[in-house]
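Report on the following structure.
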Amino acid sequence: KRRKAIMRGVTIMLDKSIPYFNVIMKRPAGKPIPNFILPDGYSFVWFTEGNEQQWAEIETSVDEFSNKDEALHYFQNEYLPFVDELKNRLLFIRNAEGNEVGTITGWWNITGERRDLSVHWFAVKKEYQSLGLGKALVSECLNRLLLIEGDKDIFIHTQTWSYKAIGLYLKAGFEIVRKESFAQYKNDYEQAIPLLKKVLYLKTLQQTEHDSLRR
């Protein structure tokens with residue numbers, strides 16, 4: 001299993017037909033965050049106690065866990081000890097029928113003595129992808145992180161399998177970094193970039209490479 005490598009990244013339409021390489025992305029402090037609006041019929045709701053059930057359902061639906069019980073066990077161990085933080089950091093999208101269909105968490109990781117802001121467990125149920133929900137989730141999450149923490153660097157660990165999500169993150173102000181990393185994550189920049197050039201809009205990645213040379 002690769003969960004230790006991808007567990008805090010993003011899950012939108014994984015493409016496992018290409019090689020897996022770790023990708024580290026960063027939204028630098030001071031970079032504007034684009035605002036994306038939810039489509040009609042959808043709304044944001046923040047975590048309340050008991051919402052771990054909905055979180056587990058969403059993450060299981062995108063194959064991050066083999067079953068809902070496994071997802072719940074993970075959540076209870078990793079996040080429920082910080083329940084007050086969750087209420088301000090774990091975001092859902094709710095549809096017109098009152099069901100949660102997407103989620104994202106603005107959290108942190110420890111890198112040596114450094115506390116890095118990061119995005120965790122971003123997922124949208126498969127039948128609700130390509131509707132603009134992901135862009136809105138990311139935008140709302142980042143704006144909340146800035147409100148709580150101030151304007152600081154924000155990191156994401158993802159992978160080449162999630163190249164569609166990487167494209168979304170680039171539009172949200174993130175850059176693929178050449179050498180930097182955070183927490184325990186590996187950065188496979190040199191191996192990942194040639195693959196990503198084949199599947200993502202070339203001009204976007206050329207700008208990312210230019211930015212990375214400065215870091």
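How things are named: the first chain in the structure tokens is A, the next is B, and so on; residues count from 1 in each chain; ligands count from 1 in the order shown.
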
* Asked: What lies within 10 Å of segment 85-101 of chain A using only C-alpha atoms, ignoring chain neighbours under 3 positions off, as number ranges by chain?
  -> A: 38-49, 51, 54-55, 57-59, 61, 79-82, 104-107, 119-129, 133-134, 136-138, 140-142, 144-145, 148

* Asked: Can you tell me, as a count of residues only, what residues are no more than 10 Å from Tyr169 of chain A when counting only C-alpha atoms, ignoring any on the same chain fewer than 5 positions away?
  -> 14

* To do: as a VMD selection string, list the residues of segment 101-198 of chain A assigned to helix (DSSP H, G or I) by DSSP on the backbone atoms of this structure.
  => chain A and resid 126 to 128 133 to 149 160 to 171 189 to 198

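As for atom CA of Pro19 of chain A and atom CA of Phe75 of chain A, they are spaced 28.7 Å apart.
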